[in-house]
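Peer 1: Provided below: upload-v9.pdb, containing PDB, C-alpha atoms and all ligand atoms.
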```pdb
ATOM      1  CA  SER A1298     215.676  34.857-107.361  1.00  0.00           C
ATOM      2  CA  PHE A1299     214.664  38.234-108.723  1.00  0.00           C
ATOM      3  CA  LEU A1300     211.251  36.909-109.775  1.00  0.00           C
ATOM      4  CA  ALA A1301     210.495  35.359-106.404  1.00  0.00           C
ATOM      5  CA  ALA A1302     211.471  38.565-104.634  1.00  0.00           C
ATOM      6  CA  THR A1303     209.201  40.751-106.760  1.00  0.00           C
ATOM      7  CA  ALA A1304     206.283  38.308-106.570  1.00  0.00           C
ATOM      8  CA  ASP A1305     206.231  38.693-102.769  1.00  0.00           C
ATOM      9  CA  ARG A1306     206.298  42.475-102.617  1.00  0.00           C
ATOM     10  CA  LEU A1307     202.847  42.688-101.014  1.00  0.00           C
ATOM     11  CA  ASP A1308     203.137  39.556 -98.893  1.00  0.00           C
ATOM     12  CA  GLY A1309     201.319  39.972 -95.576  1.00  0.00           C
ATOM     13  CA  LYS A1310     199.401  43.041 -96.754  1.00  0.00           C
ATOM     14  CA  HIS A1311     195.604  43.159 -96.832  1.00  0.00           C
ATOM     15  CA  ILE A1312     194.195  45.378 -99.559  1.00  0.00           C
ATOM     16  CA  LEU A1313     190.558  46.284-100.047  1.00  0.00           C
ATOM     17  CA  VAL A1314     189.240  46.981-103.540  1.00  0.00           C
ATOM     18  CA  THR A1315     185.747  48.174-104.502  1.00  0.00           C
ATOM     19  CA  ALA A1316     184.579  47.654-108.075  1.00  0.00           C
ATOM     20  CA  GLY A1317     181.628  47.789-110.415  1.00  0.00           C
ATOM     21  CA  PRO A1318     178.384  49.724-110.308  1.00  0.00           C
ATOM     22  CA  THR A1319     175.755  49.692-107.603  1.00  0.00           C
ATOM     23  CA  HIS A1320     172.086  48.937-108.180  1.00  0.00           C
ATOM     24  CA  GLU A1321     169.709  51.188-106.290  1.00  0.00           C
ATOM     25  CA  PRO A1322     166.219  49.673-106.308  1.00  0.00           C
ATOM     26  CA  ILE A1323     163.139  51.652-107.283  1.00  0.00           C
ATOM     27  CA  ASP A1324     160.665  48.819-106.746  1.00  0.00           C
ATOM     28  CA  PRO A1325     161.005  45.000-106.647  1.00  0.00           C
ATOM     29  CA  VAL A1326     161.790  44.800-110.389  1.00  0.00           C
ATOM     30  CA  ARG A1327     163.565  48.079-111.255  1.00  0.00           C
ATOM     31  CA  TYR A1328     166.766  49.835-110.253  1.00  0.00           C
ATOM     32  CA  ILE A1329     169.066  52.786-110.987  1.00  0.00           C
ATOM     33  CA  ALA A1330     172.510  51.709-112.204  1.00  0.00           C
ATOM     34  CA  ASN A1331     175.433  53.049-114.246  1.00  0.00           C
ATOM     35  CA  ARG A1332     177.735  51.881-117.033  1.00  0.00           C
ATOM     36  CA  SER A1333     180.623  50.602-114.913  1.00  0.00           C
ATOM     37  CA  SER A1334     181.805  47.178-116.144  1.00  0.00           C
ATOM     38  CA  GLY A1335     183.972  46.456-113.084  1.00  0.00           C
ATOM     39  CA  ARG A1336     186.915  45.585-115.320  1.00  0.00           C
ATOM     40  CA  GLN A1337     189.362  48.163-113.988  1.00  0.00           C
ATOM     41  CA  GLY A1338     188.673  47.227-110.365  1.00  0.00           C
ATOM     42  CA  PHE A1339     188.887  43.492-111.049  1.00  0.00           C
ATOM     43  CA  ALA A1340     192.174  43.988-112.916  1.00  0.00           C
ATOM     44  CA  ILE A1341     193.565  45.910-109.929  1.00  0.00           C
ATOM     45  CA  ALA A1342     192.460  43.188-107.505  1.00  0.00           C
ATOM     46  CA  GLU A1343     194.179  40.597-109.685  1.00  0.00           C
ATOM     47  CA  ALA A1344     197.401  42.613-110.015  1.00  0.00           C
ATOM     48  CA  LEU A1345     197.579  43.151-106.234  1.00  0.00           C
ATOM     49  CA  SER A1346     196.977  39.450-105.599  1.00  0.00           C
ATOM     50  CA  ARG A1347     199.767  38.565-108.010  1.00  0.00           C
ATOM     51  CA  LEU A1348     202.152  40.698-105.949  1.00  0.00           C
ATOM     52  CA  GLY A1349     201.253  38.593-102.909  1.00  0.00           C
ATOM     53  CA  ALA A1350     198.591  40.743-101.229  1.00  0.00           C
ATOM     54  CA  ARG A1351     195.539  39.291 -99.545  1.00  0.00           C
ATOM     55  CA  VAL A1352     192.777  41.037-101.478  1.00  0.00           C
ATOM     56  CA  THR A1353     189.142  41.607-100.502  1.00  0.00           C
ATOM     57  CA  LEU A1354     187.135  42.668-103.553  1.00  0.00           C
ATOM     58  CA  VAL A1355     183.756  44.243-102.747  1.00  0.00           C
ATOM     59  CA  SER A1356     181.879  44.155-106.021  1.00  0.00           C
ATOM     60  CA  GLY A1357     178.623  45.437-107.395  1.00  0.00           C
ATOM     61  CA  PRO A1358     176.724  43.415-110.010  1.00  0.00           C
ATOM     62  CA  VAL A1359     179.158  42.635-112.851  1.00  0.00           C
ATOM     63  CA  ALA A1360     179.624  39.873-115.425  1.00  0.00           C
ATOM     64  CA  LEU A1361     183.215  39.011-114.503  1.00  0.00           C
ATOM     65  CA  ALA A1362     184.990  35.983-113.040  1.00  0.00           C
ATOM     66  CA  THR A1363     186.654  36.368-109.643  1.00  0.00           C
ATOM     67  CA  PRO A1364     190.445  36.703-110.061  1.00  0.00           C
ATOM     68  CA  ALA A1365     192.444  33.760-108.665  1.00  0.00           C
ATOM     69  CA  GLY A1366     193.194  34.036-104.965  1.00  0.00           C
ATOM     70  CA  VAL A1367     190.906  37.030-104.385  1.00  0.00           C
ATOM     71  CA  THR A1368     188.160  37.035-101.732  1.00  0.00           C
ATOM     72  CA  ARG A1369     185.027  38.474-103.341  1.00  0.00           C
ATOM     73  CA  VAL A1370     182.059  39.977-101.519  1.00  0.00           C
ATOM     74  CA  ASP A1371     179.049  40.666-103.748  1.00  0.00           C
ATOM     75  CA  ILE A1372     176.733  43.569-102.952  1.00  0.00           C
ATOM     76  CA  GLU A1373     174.020  45.441-104.837  1.00  0.00           C
ATOM     77  CA  THR A1374     173.463  48.835-103.208  1.00  0.00           C
ATOM     78  CA  ALA A1375     175.792  51.605-102.012  1.00  0.00           C
ATOM     79  CA  GLN A1376     174.658  51.040 -98.436  1.00  0.00           C
ATOM     80  CA  GLU A1377     175.531  47.340 -98.733  1.00  0.00           C
ATOM     81  CA  MET A1378     178.919  48.289-100.187  1.00  0.00           C
ATOM     82  CA  ALA A1379     179.547  50.637 -97.238  1.00  0.00           C
ATOM     83  CA  SER A1380     178.774  47.820 -94.769  1.00  0.00           C
ATOM     84  CA  ALA A1381     180.938  45.300 -96.632  1.00  0.00           C
ATOM     85  CA  VAL A1382     183.852  47.754 -96.661  1.00  0.00           C
ATOM     86  CA  ALA A1383     183.534  48.338 -92.909  1.00  0.00           C
ATOM     87  CA  THR A1384     183.387  44.577 -92.285  1.00  0.00           C
ATOM     88  CA  ALA A1385     186.531  43.961 -94.355  1.00  0.00           C
ATOM     89  CA  LEU A1386     188.700  46.280 -92.222  1.00  0.00           C
ATOM     90  CA  PRO A1387     191.447  46.558 -91.150  1.00  0.00           C
ATOM     91  CA  ALA A1388     193.379  46.915 -94.379  1.00  0.00           C
ATOM     92  CA  ASP A1389     196.805  48.291 -95.260  1.00  0.00           C
ATOM     93  CA  ALA A1390     195.477  49.977 -98.381  1.00  0.00           C
ATOM     94  CA  ALA A1391     192.134  50.574-100.076  1.00  0.00           C
ATOM     95  CA  VAL A1392     191.518  51.165-103.769  1.00  0.00           C
ATOM     96  CA  MET A1393     188.005  52.488-104.353  1.00  0.00           C
ATOM     97  CA  VAL A1394     187.278  51.851-108.002  1.00  0.00           C
ATOM     98  CA  ALA A1395     183.516  51.321-107.723  1.00  0.00           C
ATOM     99  CA  ALA A1396     181.120  53.636-109.507  1.00  0.00           C
ATOM    100  CA  VAL A1397     178.932  54.049-106.435  1.00  0.00           C
ATOM    101  CA  GLY A1398     175.410  55.259-107.086  1.00  0.00           C
ATOM    102  CA  ASP A1399     175.266  58.807-105.774  1.00  0.00           C
ATOM    103  CA  TRP A1400     171.569  58.582-104.915  1.00  0.00           C
ATOM    104  CA  ARG A1401     169.082  55.994-103.789  1.00  0.00           C
ATOM    105  CA  ALA A1402     165.304  55.936-103.947  1.00  0.00           C
ATOM    106  CA  ALA A1403     162.983  54.761-101.207  1.00  0.00           C
ATOM    107  CA  PRO A1404     161.952  51.567-103.017  1.00  0.00           C
ATOM    108  CA  ALA A1405     158.244  50.832-103.351  1.00  0.00           C
ATOM    109  CA  ALA A1406     157.188  47.555-101.733  1.00  0.00           C
ATOM    110  CA  GLN A1407     155.193  46.531-104.816  1.00  0.00           C
ATOM    111  CA  LYS A1408     155.849  46.992-108.514  1.00  0.00           C
ATOM    112  CA  LEU A1409     154.919  50.517-109.581  1.00  0.00           C
ATOM    113  CA  LYS A1410     152.010  50.529-112.023  1.00  0.00           C
ATOM    114  CA  LYS A1411     151.411  52.878-114.930  1.00  0.00           C
ATOM    115  CA  GLY A1412     148.774  55.481-114.282  1.00  0.00           C
ATOM    116  CA  VAL A1413     147.793  58.970-115.293  1.00  0.00           C
ATOM    117  CA  THR A1414     150.944  60.565-113.843  1.00  0.00           C
ATOM    118  CA  PRO A1415     154.428  58.992-114.063  1.00  0.00           C
ATOM    119  CA  PRO A1416     155.928  58.323-110.633  1.00  0.00           C
ATOM    120  CA  ALA A1417     158.374  60.923-109.283  1.00  0.00           C
ATOM    121  CA  LEU A1418     161.480  59.495-107.608  1.00  0.00           C
ATOM    122  CA  GLN A1419     162.491  61.016-104.285  1.00  0.00           C
ATOM    123  CA  LEU A1420     166.260  60.584-104.168  1.00  0.00           C
ATOM    124  CA  THR A1421     168.517  60.586-101.108  1.00  0.00           C
ATOM    125  CA  GLU A1422     172.301  60.985-101.318  1.00  0.00           C
ATOM    126  CA  ASN A1423     174.258  57.824-100.537  1.00  0.00           C
ATOM    127  CA  PRO A1424     177.135  57.794 -98.032  1.00  0.00           C
ATOM    128  CA  ASP A1425     180.526  58.587 -99.580  1.00  0.00           C
ATOM    129  CA  ILE A1426     182.271  55.302 -98.837  1.00  0.00           C
ATOM    130  CA  LEU A1427     185.724  56.622 -99.717  1.00  0.00           C
ATOM    131  CA  ALA A1428     185.395  59.782 -97.624  1.00  0.00           C
ATOM    132  CA  VAL A1429     184.012  57.871 -94.642  1.00  0.00           C
ATOM    133  CA  LEU A1430     186.872  55.355 -94.841  1.00  0.00           C
ATOM    134  CA  ALA A1431     189.520  58.073 -95.211  1.00  0.00           C
ATOM    135  CA  HIS A1432     188.266  59.823 -92.075  1.00  0.00           C
ATOM    136  CA  SER A1433     187.664  56.701 -89.992  1.00  0.00           C
ATOM    137  CA  ALA A1434     189.621  55.463 -86.983  1.00  0.00           C
ATOM    138  CA  GLN A1435     190.531  52.367 -89.025  1.00  0.00           C
ATOM    139  CA  ARG A1436     191.861  54.371 -91.978  1.00  0.00           C
ATOM    140  CA  PRO A1437     194.153  52.243 -94.159  1.00  0.00           C
ATOM    141  CA  LYS A1438     197.641  53.710 -94.510  1.00  0.00           C
ATOM    142  CA  LEU A1439     197.052  54.290 -98.208  1.00  0.00           C
ATOM    143  CA  VAL A1440     193.606  55.349 -99.484  1.00  0.00           C
ATOM    144  CA  ILE A1441     193.185  55.580-103.246  1.00  0.00           C
ATOM    145  CA  GLY A1442     190.181  56.768-105.226  1.00  0.00           C
ATOM    146  CA  PHE A1443     189.225  57.026-108.873  1.00  0.00           C
ATOM    147  CA  ALA A1444     187.545  59.959-110.554  1.00  0.00           C
ATOM    148  CA  ALA A1445     185.888  59.484-113.920  1.00  0.00           C
ATOM    149  CA  GLU A1446     185.552  62.937-115.442  1.00  0.00           C
ATOM    150  CA  THR A1447     184.340  64.319-118.761  1.00  0.00           C
ATOM    151  CA  GLU A1448     185.817  67.842-118.353  1.00  0.00           C
ATOM    152  CA  HIS A1449     188.268  69.761-116.147  1.00  0.00           C
ATOM    153  CA  VAL A1450     189.742  66.379-115.314  1.00  0.00           C
ATOM    154  CA  ILE A1451     192.699  67.446-113.185  1.00  0.00           C
ATOM    155  CA  ALA A1452     190.902  70.254-111.374  1.00  0.00           C
ATOM    156  CA  HIS A1453     188.006  67.997-110.437  1.00  0.00           C
ATOM    157  CA  ALA A1454     190.283  65.143-109.391  1.00  0.00           C
ATOM    158  CA  THR A1455     192.501  67.420-107.316  1.00  0.00           C
ATOM    159  CA  ALA A1456     189.463  68.828-105.520  1.00  0.00           C
ATOM    160  CA  LYS A1457     188.143  65.309-104.895  1.00  0.00           C
ATOM    161  CA  ARG A1458     191.462  64.194-103.393  1.00  0.00           C
ATOM    162  CA  THR A1459     191.321  66.949-100.800  1.00  0.00           C
ATOM    163  CA  ARG A1460     187.583  66.822-100.146  1.00  0.00           C
ATOM    164  CA  LYS A1461     187.524  63.064 -99.627  1.00  0.00           C
ATOM    165  CA  GLY A1462     190.798  62.808 -97.714  1.00  0.00           C
ATOM    166  CA  ALA A1463     192.342  60.357-100.188  1.00  0.00           C
ATOM    167  CA  ASP A1464     196.095  59.982-100.631  1.00  0.00           C
ATOM    168  CA  TRP A1465     195.896  59.403-104.369  1.00  0.00           C
ATOM    169  CA  ILE A1466     193.218  59.917-106.983  1.00  0.00           C
ATOM    170  CA  LEU A1467     193.451  58.260-110.363  1.00  0.00           C
ATOM    171  CA  ALA A1468     191.686  60.647-112.666  1.00  0.00           C
ATOM    172  CA  ASN A1469     190.186  58.913-115.648  1.00  0.00           C
ATOM    173  CA  ASP A1470     189.352  61.007-118.685  1.00  0.00           C
ATOM    174  CA  VAL A1471     186.134  59.521-120.041  1.00  0.00           C
ATOM    175  CA  SER A1472     185.295  62.341-122.454  1.00  0.00           C
ATOM    176  CA  GLY A1473     184.397  61.004-125.883  1.00  0.00           C
ATOM    177  CA  ASP A1474     184.600  57.547-124.357  1.00  0.00           C
ATOM    178  CA  VAL A1475     182.341  55.136-122.582  1.00  0.00           C
ATOM    179  CA  MET A1476     182.899  53.323-119.316  1.00  0.00           C
ATOM    180  CA  GLY A1477     183.285  49.627-119.969  1.00  0.00           C
ATOM    181  CA  GLY A1478     185.968  50.077-122.639  1.00  0.00           C
ATOM    182  CA  GLU A1479     189.338  48.340-122.829  1.00  0.00           C
ATOM    183  CA  ALA A1480     191.750  51.208-122.062  1.00  0.00           C
ATOM    184  CA  ASN A1481     192.041  54.193-119.724  1.00  0.00           C
ATOM    185  CA  THR A1482     193.836  57.543-119.803  1.00  0.00           C
ATOM    186  CA  ILE A1483     194.991  58.212-116.244  1.00  0.00           C
ATOM    187  CA  HIS A1484     196.357  61.189-114.366  1.00  0.00           C
ATOM    188  CA  LEU A1485     197.710  60.170-110.958  1.00  0.00           C
ATOM    189  CA  VAL A1486     197.007  63.004-108.509  1.00  0.00           C
ATOM    190  CA  THR A1487     198.969  62.895-105.246  1.00  0.00           C
ATOM    191  CA  ALA A1488     200.131  65.413-102.636  1.00  0.00           C
ATOM    192  CA  ASP A1489     203.257  65.840-104.795  1.00  0.00           C
ATOM    193  CA  GLY A1490     201.401  66.822-107.945  1.00  0.00           C
ATOM    194  CA  VAL A1491     200.027  65.286-111.117  1.00  0.00           C
ATOM    195  CA  GLU A1492     201.573  62.523-113.187  1.00  0.00           C
ATOM    196  CA  ARG A1493     200.187  61.805-116.659  1.00  0.00           C
ATOM    197  CA  TRP A1494     200.141  58.189-117.796  1.00  0.00           C
ATOM    198  CA  GLU A1495     199.920  57.421-121.497  1.00  0.00           C
ATOM    199  CA  ARG A1496     196.675  55.776-122.641  1.00  0.00           C
ATOM    200  CA  MET A1497     197.005  52.077-121.830  1.00  0.00           C
ATOM    201  CA  PRO A1498     194.922  48.936-121.351  1.00  0.00           C
ATOM    202  CA  LYS A1499     193.129  48.576-118.012  1.00  0.00           C
ATOM    203  CA  VAL A1500     195.274  45.560-117.101  1.00  0.00           C
ATOM    204  CA  GLU A1501     198.388  47.701-117.608  1.00  0.00           C
ATOM    205  CA  VAL A1502     196.928  50.498-115.440  1.00  0.00           C
ATOM    206  CA  ALA A1503     196.334  47.808-112.826  1.00  0.00           C
ATOM    207  CA  ARG A1504     199.895  46.455-112.954  1.00  0.00           C
ATOM    208  CA  ARG A1505     201.404  49.899-112.752  1.00  0.00           C
ATOM    209  CA  LEU A1506     199.189  50.913-109.838  1.00  0.00           C
ATOM    210  CA  ALA A1507     199.918  47.670-107.960  1.00  0.00           C
ATOM    211  CA  GLU A1508     203.662  48.335-108.254  1.00  0.00           C
ATOM    212  CA  ARG A1509     203.175  51.895-106.996  1.00  0.00           C
ATOM    213  CA  ILE A1510     201.167  50.626-104.038  1.00  0.00           C
ATOM    214  CA  ALA A1511     203.898  48.114-103.231  1.00  0.00           C
ATOM    215  CA  ASP A1512     206.498  50.913-103.396  1.00  0.00           C
ATOM    216  CA  ALA A1513     204.455  53.112-101.062  1.00  0.00           C
ATOM    217  CA  LEU A1514     203.710  50.391 -98.498  1.00  0.00           C
ATOM    218  CA  GLN A1515     207.332  49.196 -98.480  1.00  0.00           C
ATOM    219  CA  GLN A1516     208.827  52.667 -98.207  1.00  0.00           C
ATOM    220  CA  ASP A1517     206.260  53.691 -95.603  1.00  0.00           C
ATOM    221  CA  THR A1518     205.674  56.848 -97.604  1.00  0.00           C
ATOM    222  CA  LYS A1519     202.958  58.092 -99.845  1.00  0.00           C
TER
HETATM  223  N1  LIG B1601     182.922  57.035-104.034  1.00  0.00           N
HETATM  224  C1  LIG B1601     182.529  56.337-102.914  1.00  0.00           C
HETATM  225  N2  LIG B1601     181.252  56.460-102.443  1.00  0.00           N
HETATM  226  C2  LIG B1601     180.364  57.260-103.064  1.00  0.00           C
HETATM  227  C3  LIG B1601     180.749  57.983-104.220  1.00  0.00           C
HETATM  228  C4  LIG B1601     182.035  57.846-104.682  1.00  0.00           C
HETATM  229  O1  LIG B1601     183.342  55.597-102.341  1.00  0.00           O
HETATM  230  N3  LIG B1601     179.138  57.360-102.574  1.00  0.00           N
HETATM  231  C5  LIG B1601     184.303  56.923-104.503  1.00  0.00           C
HETATM  232  C6  LIG B1601     184.459  56.232-105.831  1.00  0.00           C
HETATM  233  O2  LIG B1601     184.635  54.838-105.666  1.00  0.00           O
HETATM  234  C7  LIG B1601     185.700  56.900-106.392  1.00  0.00           C
HETATM  235  C8  LIG B1601     185.652  58.295-105.818  1.00  0.00           C
HETATM  236  O3  LIG B1601     184.806  58.216-104.676  1.00  0.00           O
HETATM  237  O4  LIG B1601     186.881  56.305-105.900  1.00  0.00           O
HETATM  238  C9  LIG B1601     185.158  59.347-106.754  1.00  0.00           C
HETATM  239  O5  LIG B1601     183.877  59.012-107.196  1.00  0.00           O
HETATM  240  P1  LIG B1601     183.096  60.075-108.079  1.00  0.00           P
HETATM  241  O6  LIG B1601     181.776  59.526-108.453  1.00  0.00           O
HETATM  242  O7  LIG B1601     184.029  60.519-109.169  1.00  0.00           O
HETATM  243  O8  LIG B1601     182.976  61.285-107.045  1.00  0.00           O
HETATM  244  P2  LIG B1601     181.710  62.000-106.420  1.00  0.00           P
HETATM  245  O9  LIG B1601     182.193  62.573-105.119  1.00  0.00           O
HETATM  246  O10 LIG B1601     180.536  61.093-106.347  1.00  0.00           O
HETATM  247  O11 LIG B1601     181.450  63.225-107.397  1.00  0.00           O
HETATM  248  P3  LIG B1601     180.611  63.339-108.771  1.00  0.00           P
HETATM  249  O12 LIG B1601     180.017  61.995-109.105  1.00  0.00           O
HETATM  250  O13 LIG B1601     179.600  64.386-108.505  1.00  0.00           O
HETATM  251  O14 LIG B1601     181.644  63.768-109.798  1.00  0.00           O
HETATM  252 CA    CA B1602     179.617  59.994-108.133  1.00  0.00          CA
END
```
Could you write out this structure as C-alpha cells?
Peer 2:
Amino acid sequence: SFLAATADRLDGKHILVTAGPTHEPIDPVRYIANRSSGRQGFAIAEALSRLGARVTLVSGPVALATPAGVTRVDIETAQEMASAVATALPADAAVMVAAVGDWRAAPAAQKLKKGVTPPALQLTENPDILAVLAHSAQRPKLVIGFAAETEHVIAHATAKRTRKGADWILANDVSGDVMGGEANTIHLVTADGVERWERMPKVEVARRLAERIADALQQDTK
C-alpha cells in the first residue's frame, strides 16, 4: 500500500543524530552548559525512525524520553560526544543538532572554594565534531548541521556550511527567542541555495527534514 511504501523509505539506512547540550565540568560539582532542550534533535531522531531508519542518538543531558526504536547513547562532555560519534560510524547520514559546548575548562580535582580572588577559568576550544566527521574517511554520504543564530542568519549559516564541510545547514533564527521553545524558523542552506521554511513546530521541522533526507539518500543526490 502507499502507507507501507512510505513508512519504509529509510529501511536499511543508519542515521546518526546528536542532540542536547554538553556539560563541561569546572570542578566535581559545577559545569558550563547551555540552554539546549534537546527537543529538536529528539524529534528528528523519532521522525527518521518512523521512516524506517536505524537511528543512533548521541545525547547530552536532557529531560526527554528516548523515542521508540531509537538507540540512545548518553554523554556529558563534547569530548565524550566526539568519541560516541566516532564509535557509532559508519552511517549513511548524520544530523548534528547538538549545542556542543565550544570550550572546556581543565576541571579542578576538588570543589573550588571561595577566597579573596574569584577563580579564573582557563578555557580550551573543543573539537568541532561536525567538521571532523565531514572531513573523515568514514564521512556519511549526507552530513547535516544546525546553526542557531541571532543575527546575519543566512550569511553565518552559509559560511558554516562551507567551513565545516557540511552538505546542508539548517539555520535557526533564535533572535528574540529562546532555545527550548516549541517552534523553529528554519532556512535550509544547501549547495543549491537557501530555502525558507515558514515558522513551524519542531516536530514538523523534524518530519520535513526526515522526508528530505529520505529523498536525498534514495536519489543518491544532495
Ligand atoms: N558543532 C559540533 N561540534 C562543535 C561545535 C558545533 O559538531 N564543537 C556542530 C553543531 O552540532 C551544529 C553546527 O556544528 O550542527 C553549528 O554549531 P554552532 O555552534 O552554530 O557553530 P560554531 O562553529 O560553534 O560557531 P559559533 O558557536 O561561534 O556560532
Ligand atoms: Ca558553537
Peer 1: Can you pull out every residue within 10 Å of Arg1327 of chain A, counting all atoms listed in the file, but drop anything in the same chain fewer than 4 positions away, and send it as a list in words?
Peer 2: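 Near neighbours after the sequence-gap exclusion: His1320, Glu1321, Pro1322, Ile1323, Pro1404, Ala1405, Lys1408 and Leu1409 of chain A.
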Peer 1: Could you tell me which of A:Leu1485, A:Ala1503, A:Ala1350, A:Val1359 comes closest to Ala1395 of chain A if we count all atoms listed in the file?
Peer 2: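 Selected residue with least distance to Ala1395 of chain A: A:Val1359.
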Peer 1: As a PDB file with C-alpha atoms, in the frame of the given file, please: every protein or nucleic acid residue near ligand CA 1602 (chain B) (cut-off 8 Å, counting only C-alpha atoms and all ligand atoms).
Peer 2:
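File out_38.pdb, as written:
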```pdb
ATOM      1  CA  ALA A1396     181.120  53.636-109.507  1.00  0.00           C
ATOM      2  CA  VAL A1397     178.932  54.049-106.435  1.00  0.00           C
ATOM      3  CA  GLY A1398     175.410  55.259-107.086  1.00  0.00           C
ATOM      4  CA  ASP A1399     175.266  58.807-105.774  1.00  0.00           C
TER       5      ASP A1399
END
```
Peer 1: Compare A:Ala1456, A:Val1500, A:Ile1510, A:Ala1417 by their minimum atom-to-atom distance to ligand LIG 1601 (chain B), counting all atoms listed in the file, and give me the closest one.
Peer 2: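 Of all the options, A:Ala1456 lies closest to ligand LIG 1601 (chain B).
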Peer 1: My list of candidates is A:Leu1307, A:Ala1362, A:Ala1463, A:Ala1340. Which is closest to Gln1515 of chain A when distances are computed with all atoms listed in the file?
Peer 2: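 Comparing A:Leu1307, A:Ala1362, A:Ala1463, A:Ala1340 against Gln1515 of chain A, the winner is A:Leu1307.
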